[in-house]
$ cat structure15.cif   # mmCIF, C-alpha atoms and all ligand atoms
data_coords
#
loop_
_atom_site.label_atom_id
_atom_site.label_comp_id
_atom_site.auth_asym_id
_atom_site.auth_seq_id
_atom_site.Cartn_x
_atom_site.Cartn_y
_atom_site.Cartn_z
CA MET A 288 -149.03 209.07 -100.03
CA ARG A 289 -145.82 207.47 -101.32
CA ASN A 290 -143.19 209.67 -102.93
CA THR A 291 -141.89 208.55 -106.28
CA LEU A 292 -138.22 207.63 -105.98
CA ILE A 293 -135.79 207.44 -108.87
CA ILE A 294 -132.29 206.10 -108.17
CA GLY A 295 -129.49 205.98 -110.71
CA ASN A 296 -127.15 203.09 -109.97
CA TRP A 297 -123.87 203.91 -111.74
CA LYS A 298 -122.37 200.53 -110.79
CA LEU A 299 -118.64 200.32 -111.64
CA TYR A 300 -118.75 202.91 -114.39
CA GLY A 301 -117.40 206.40 -114.81
CA ASN A 302 -114.18 208.37 -114.58
CA ASP A 303 -113.34 211.93 -113.54
CA LEU A 304 -114.58 213.47 -116.77
CA ILE A 305 -117.77 211.45 -117.13
CA ILE A 306 -118.70 212.08 -113.53
CA GLN A 307 -118.02 215.82 -113.70
CA ASN A 308 -120.20 216.04 -116.81
CA LEU A 309 -122.99 214.06 -115.16
CA ILE A 310 -122.91 216.29 -112.07
CA ASN A 311 -123.01 219.44 -114.20
CA GLU A 312 -125.92 218.16 -116.28
CA LEU A 313 -127.97 216.91 -113.32
CA ASN A 314 -127.44 220.16 -111.41
CA LYS A 315 -128.59 222.13 -114.45
CA THR A 316 -131.59 220.04 -115.40
CA LEU A 317 -133.02 218.70 -112.15
CA ALA A 318 -132.98 221.87 -110.04
CA GLU A 319 -136.75 222.39 -110.25
CA ILE A 320 -137.72 218.78 -109.47
CA SER A 321 -139.75 218.86 -106.28
CA LYS A 322 -142.33 216.05 -106.15
CA CYS A 323 -140.10 213.18 -107.18
CA LEU A 324 -137.19 212.08 -104.99
CA VAL A 325 -133.96 211.58 -106.90
CA ALA A 326 -130.80 209.81 -105.76
CA ILE A 327 -127.63 208.65 -107.46
CA ALA A 328 -125.45 205.73 -106.45
CA PRO A 329 -121.97 206.45 -107.81
CA PRO A 330 -118.87 204.30 -107.28
CA LEU A 331 -117.76 204.84 -103.70
CA LEU A 332 -114.57 206.66 -104.65
CA PHE A 333 -116.54 209.56 -106.11
CA ILE A 334 -119.20 209.96 -103.43
CA ASP A 335 -117.47 212.56 -101.28
CA ARG A 336 -116.70 214.80 -104.25
CA ILE A 337 -120.18 214.42 -105.69
CA LYS A 338 -121.85 215.15 -102.36
CA LYS A 339 -119.92 218.44 -102.18
CA ASN A 340 -120.89 219.45 -105.71
CA ILE A 341 -124.36 218.11 -106.35
CA ALA A 342 -127.60 220.07 -105.90
CA ASN A 343 -129.28 219.59 -102.54
CA ASN A 344 -132.36 217.95 -103.99
CA ILE A 345 -130.30 215.05 -105.39
CA LYS A 346 -129.57 212.51 -102.68
CA ILE A 347 -126.66 210.11 -102.42
CA CYS A 348 -127.05 206.35 -102.31
CA ALA A 349 -124.28 203.82 -101.63
CA GLN A 350 -124.11 200.68 -103.74
CA ASN A 351 -123.09 198.46 -100.84
CA VAL A 352 -121.94 198.41 -97.21
CA ASP A 353 -120.05 195.99 -95.00
CA ILE A 354 -121.65 194.29 -91.99
CA HIS A 355 -118.96 195.64 -89.61
CA ILE A 356 -118.72 199.14 -88.15
CA SER A 357 -114.93 199.08 -87.98
CA GLY A 358 -112.04 196.65 -87.63
CA ALA A 359 -109.56 194.62 -89.65
CA PHE A 360 -111.70 194.16 -92.75
CA THR A 361 -109.50 195.08 -95.70
CA GLY A 362 -111.34 196.59 -98.62
CA ASP A 363 -114.64 197.18 -96.85
CA ILE A 364 -116.56 200.33 -95.97
CA SER A 365 -118.75 200.85 -92.92
CA ILE A 366 -122.19 202.33 -92.51
CA LYS A 367 -120.76 204.89 -90.08
CA MET A 368 -118.33 206.13 -92.74
CA LEU A 369 -121.08 206.29 -95.36
CA LYS A 370 -123.28 208.29 -93.02
CA GLN A 371 -120.42 210.69 -92.27
CA ILE A 372 -120.01 211.56 -95.95
CA GLY A 373 -123.71 212.27 -96.37
CA VAL A 374 -125.10 209.03 -97.79
CA GLN A 375 -128.86 208.63 -97.22
CA TYR A 376 -129.78 205.44 -99.07
CA VAL A 377 -127.88 202.13 -99.25
CA ILE A 378 -128.52 199.42 -101.85
CA ILE A 379 -128.61 196.03 -100.16
CA GLY A 380 -128.62 192.63 -101.84
CA HIS A 381 -128.28 193.68 -105.45
CA SER A 382 -128.30 190.54 -107.61
CA GLU A 383 -124.76 191.39 -108.76
CA ARG A 384 -123.66 191.04 -105.14
CA ARG A 385 -125.75 187.96 -104.56
CA ILE A 386 -124.19 186.33 -107.65
CA TYR A 387 -120.55 187.57 -107.73
CA HIS A 388 -120.02 187.89 -103.96
CA LYS A 389 -122.20 184.98 -102.87
CA GLU A 390 -124.26 187.17 -100.53
CA ASN A 391 -127.19 185.17 -99.15
CA ASN A 392 -130.43 186.27 -97.50
CA ASP A 393 -129.02 185.99 -93.96
CA TYR A 394 -126.01 188.12 -94.76
CA ILE A 395 -128.17 190.69 -96.55
CA SER A 396 -130.51 190.76 -93.57
CA LYS A 397 -127.57 191.72 -91.31
CA LYS A 398 -126.67 194.59 -93.61
CA TYR A 399 -130.30 195.68 -93.66
CA ALA A 400 -130.44 195.80 -89.85
CA LEU A 401 -127.25 197.82 -89.73
CA VAL A 402 -128.50 200.38 -92.24
CA LYS A 403 -131.72 200.78 -90.25
CA SER A 404 -129.85 201.14 -86.96
CA PHE A 405 -128.02 204.16 -88.40
CA ASN A 406 -131.30 205.69 -89.58
CA LEU A 407 -130.38 205.41 -93.23
CA ILE A 408 -132.76 204.01 -95.83
CA PRO A 409 -132.10 200.51 -97.17
CA VAL A 410 -132.96 199.75 -100.78
CA LEU A 411 -133.52 196.00 -100.62
CA CYS A 412 -133.10 194.40 -104.04
CA ILE A 413 -135.06 191.24 -104.70
CA GLY A 414 -135.96 189.31 -107.83
CA GLU A 415 -135.96 185.99 -109.58
CA THR A 416 -133.58 184.47 -112.11
CA GLU A 417 -134.64 183.54 -115.63
CA LEU A 418 -135.01 179.88 -114.63
CA GLU A 419 -137.10 180.70 -111.56
CA ASN A 420 -139.26 182.91 -113.74
CA ALA A 421 -139.78 180.09 -116.25
CA GLN A 422 -140.70 177.78 -113.36
CA GLY A 423 -143.34 180.24 -112.15
CA LYS A 424 -141.46 180.92 -108.92
CA THR A 425 -141.27 184.72 -109.08
CA ARG A 426 -143.55 185.38 -106.16
CA GLU A 427 -142.07 182.60 -104.03
CA VAL A 428 -138.51 183.88 -104.55
CA CYS A 429 -139.43 187.50 -103.79
CA GLU A 430 -141.28 186.50 -100.65
CA SER A 431 -138.40 184.35 -99.39
CA GLN A 432 -135.97 187.25 -99.89
CA ILE A 433 -138.24 189.47 -97.79
CA LYS A 434 -139.14 186.77 -95.25
CA CYS A 435 -135.61 186.52 -93.95
CA ILE A 436 -135.76 190.17 -92.84
CA LEU A 437 -139.29 189.77 -91.46
CA ASP A 438 -138.17 186.75 -89.43
CA ASN A 439 -135.07 188.47 -88.06
CA GLN A 440 -136.33 192.03 -87.58
CA GLY A 441 -140.10 192.04 -87.85
CA ILE A 442 -142.39 194.14 -90.03
CA GLU A 443 -141.26 197.35 -88.28
CA ALA A 444 -138.02 197.06 -90.25
CA PHE A 445 -139.99 197.98 -93.38
CA LYS A 446 -141.01 201.38 -92.03
CA ASN A 447 -139.35 204.06 -94.12
CA SER A 448 -137.63 201.59 -96.41
CA VAL A 449 -137.42 200.76 -100.09
CA ILE A 450 -137.79 197.44 -101.88
CA ALA A 451 -136.49 197.26 -105.43
CA TYR A 452 -137.91 194.45 -107.54
CA GLU A 453 -135.20 193.69 -110.08
CA PRO A 454 -135.70 190.45 -112.02
CA VAL A 455 -132.20 189.16 -112.71
CA TRP A 456 -133.04 188.36 -116.33
CA ALA A 457 -134.04 191.97 -116.99
CA ILE A 458 -130.88 193.60 -115.65
CA GLY A 459 -128.60 194.93 -118.37
CA THR A 460 -130.26 192.76 -121.04
CA GLY A 461 -132.53 195.30 -122.74
CA ARG A 462 -135.41 192.91 -121.91
CA SER A 463 -137.51 194.73 -119.35
CA ALA A 464 -140.44 193.05 -117.62
CA THR A 465 -143.75 194.48 -118.84
CA PRO A 466 -145.43 197.16 -116.71
CA LEU A 467 -148.35 194.80 -116.02
CA GLN A 468 -146.04 191.98 -114.91
CA VAL A 469 -144.25 194.40 -112.61
CA GLN A 470 -147.51 195.83 -111.25
CA HIS A 471 -148.69 192.29 -110.49
CA ILE A 472 -145.59 191.30 -108.54
CA HIS A 473 -145.41 194.65 -106.72
CA LYS A 474 -149.01 194.13 -105.60
CA CYS A 475 -148.09 190.62 -104.40
CA ILE A 476 -145.14 192.06 -102.44
CA ARG A 477 -147.35 194.70 -100.85
CA ASN A 478 -150.02 192.11 -99.98
CA TYR A 479 -147.36 189.89 -98.44
CA LEU A 480 -146.24 192.74 -96.15
CA ALA A 481 -149.88 193.64 -95.44
CA GLU A 482 -150.38 190.20 -93.88
CA GLN A 483 -148.20 191.57 -91.06
CA ASP A 484 -149.16 195.26 -91.06
CA GLU A 485 -151.39 197.02 -93.57
CA THR A 486 -150.22 200.53 -92.75
CA ILE A 487 -146.55 199.72 -93.20
CA ALA A 488 -147.33 197.82 -96.41
CA LYS A 489 -149.08 200.89 -97.81
CA THR A 490 -146.12 203.15 -97.10
CA VAL A 491 -143.24 200.97 -98.37
CA THR A 492 -141.73 202.33 -101.56
CA ILE A 493 -141.50 199.57 -104.18
CA GLN A 494 -139.24 200.36 -107.12
CA TYR A 495 -138.72 198.43 -110.33
CA GLY A 496 -135.31 197.95 -111.94
CA GLY A 497 -134.16 196.16 -115.08
CA SER A 498 -133.60 197.74 -118.51
CA VAL A 499 -135.60 200.86 -117.73
CA ASN A 500 -135.28 203.53 -120.39
CA GLU A 501 -137.01 206.72 -121.52
CA LYS A 502 -139.44 204.66 -123.63
CA ASN A 503 -140.80 202.26 -121.02
CA ALA A 504 -140.58 204.60 -118.00
CA PHE A 505 -143.97 206.28 -118.50
CA GLU A 506 -146.04 203.11 -118.46
CA MET A 507 -143.99 201.67 -115.62
CA ILE A 508 -144.22 204.65 -113.35
CA ASN A 509 -147.94 205.08 -113.87
CA GLN A 510 -148.82 201.66 -112.46
CA PRO A 511 -150.38 202.09 -109.02
CA ASP A 512 -147.86 199.94 -107.13
CA ILE A 513 -144.72 201.04 -108.97
CA ASP A 514 -143.40 203.81 -106.74
CA GLY A 515 -140.11 204.40 -108.47
CA LEU A 516 -137.32 203.06 -110.62
CA LEU A 517 -133.82 201.78 -109.95
CA ILE A 518 -131.93 202.54 -113.11
CA GLY A 519 -128.57 201.21 -114.26
CA LYS A 520 -127.38 201.93 -117.80
CA SER A 521 -129.88 204.72 -118.54
CA SER A 522 -128.69 206.66 -115.49
CA LEU A 523 -125.24 207.14 -117.02
CA ASN A 524 -126.72 209.26 -119.79
CA ALA A 525 -127.78 212.58 -118.26
CA THR A 526 -130.27 213.34 -121.04
CA ILE A 527 -132.06 210.00 -120.69
CA PHE A 528 -131.94 210.01 -116.89
CA THR A 529 -133.36 213.53 -116.79
CA LYS A 530 -136.19 212.53 -119.16
CA ILE A 531 -137.08 209.62 -116.87
CA VAL A 532 -137.05 211.85 -113.79
CA ARG A 533 -139.38 214.31 -115.53
CA ILE A 534 -141.74 211.46 -116.42
CA ALA A 535 -141.70 210.35 -112.77
CA GLU A 536 -142.35 213.91 -111.59
CA MET A 537 -145.61 213.78 -113.54
CA LYS A 538 -146.79 210.43 -112.12
CA ARG A 539 -150.57 210.30 -111.90
CA THR A 540 -151.58 209.91 -108.31
P1 LIG A 601 -130.05 198.26 -115.98
O1 LIG A 601 -130.97 199.44 -115.89
O2 LIG A 601 -128.76 198.55 -116.67
O3 LIG A 601 -130.76 197.05 -116.53
O4 LIG A 601 -129.63 197.88 -114.48
C1 LIG A 601 -130.60 197.76 -113.51
C2 LIG A 601 -129.95 197.64 -112.20
O5 LIG A 601 -129.29 196.66 -111.90
C3 LIG A 601 -130.10 198.78 -111.25
O6 LIG A 601 -129.68 198.42 -109.98
#

$ encode --input "structure15.cif" --output "structure tokens" --more "lines below"
Ligand code: 13P
Amino acid sequence: MRNTLIIGNWKLYGNDLIIQNLINELNKTLAEISKCLVAIAPPLLFIDRIKKNIANNIKICAQNVDIHISGAFTGDISIKMLKQIGVQYVIIGHSERRIYHKENNDYISKKYALVKSFNLIPVLCIGETELENAQGKTREVCESQIKCILDNQGIEAFKNSVIAYEPVWAIGTGRSATPLQVQHIHKCIRNYLAEQDETIAKTVTIQYGGSVNEKNAFEMINQPDIDGLLIGKSSLNATIFTKIVRIAEMKRT
């Protein structure tokens, strides 16, 4: 019912050579992938070139978008421009943007609405900090990050959209949450949406992100409510990323 979705978030990494090698490898090794959806989120500068050279079954995701369509906003990029160069998914509210760029739930909600209005797919990142986790606030934090969008746009906004649960303490630390912890919180997220609309809740793709690698991917992806993975570091190594995609392609349904 829900497609498995693997996204490689390359963050601010890469150069001409690394990116050319990654494209070559992914084109070679992922050509026969059909059940699992695969997308990559490269630094913006490289998107146009990658889009022109990457296999059709690998989709392009942007790491961020501005809340304006056009205007005097130095350094920003609009949803219209991203759509024009073939972007299909947009990461919204990544914890690195919440922390380093002070993006709050209201601001993220505006971006979310904009992405939806252009018929692109938002990947809404949510997740608790280490302190919130220790205080037992994981569920509360995740729900509040979703609630802002529910309040502003209603449950319909979650049709054809992606939520990525990325606990802040698991990102880039090598300390992944356990598959059972992730399954539990994903189920809570789905139940929270189901309070508004059960059908939409059943169809929302819920990914996990945070220190995913080729060793923990199998158990993660085979949890019933883990519909995909948002992968940072491991997506910059074509061999590891490909292994994870193959694992996801075999997800038990
Ligand atoms: P890592 O896989 O490097 O922990 O990063 C996860 C992430 O932030 C993906 O968006």

$ atom_distance --input "structure15.cif" --atom1 "CA of Lys315 in chain A" --atom2 "CA of Leu407 in chain A"
27.1 Å

$ closest_residue --input "structure15.cif" --among "A:Lys339, A:Arg462, A:Arg385, A:Arg289" --to "Cys323 in chain A" --atoms "only C-alpha atoms"
A:Arg289

$ atom_distance --input "structure15.cif" --atom1 "CA of His381 in chain A" --atom2 "CA of Tyr452 in chain A"
9.9 Å

$ atom_distance --input "structure15.cif" --atom1 "CA of Asn343 in chain A" --atom2 "CA of Asn509 in chain A"
26.2 Å

$ residues_near_point --input "structure15.cif" --point "(-123.9, 212.5, -101.2)" --cutoff "12 Å" --atoms "all atoms listed in the file" --output "ChimeraX atom specification"
/A:310,325-349,368-377

$ residues_around --input "structure15.cif" --residues "Gly515 in chain A" --least-positions-apart "6" --cutoff "10 Å" --atoms "all atoms listed in the file" --output "JSON, numbers by chain"
{"A": [289, 290, 291, 292, 293, 294, 323, 324, 325, 449, 450, 451, 492, 493, 494, 495, 496, 504, 507, 508, 509, 532, 535, 538]}

$ residues_near_ligand --input "structure15.cif" --ligand "ligand LIG 601 (chain A)" --cutoff "10 Å" --atoms "all atoms listed in the file" --output "MDAnalysis selection string"
chainID A and resid 294:298 328 350 378 381:383 410 412 451:463 495:500 516:523

$ closest_residue --input "structure15.cif" --among "A:Ile379, A:Ala464, A:Ala444, A:Val491" --to "Glu415 in chain A" --atoms "all atoms listed in the file"
A:Ala464

$ closest_residue --input "structure15.cif" --among "A:Leu304, A:Cys475, A:Ile354, A:Ile320" --to "Glu430 in chain A" --atoms "all atoms listed in the file"
A:Cys475
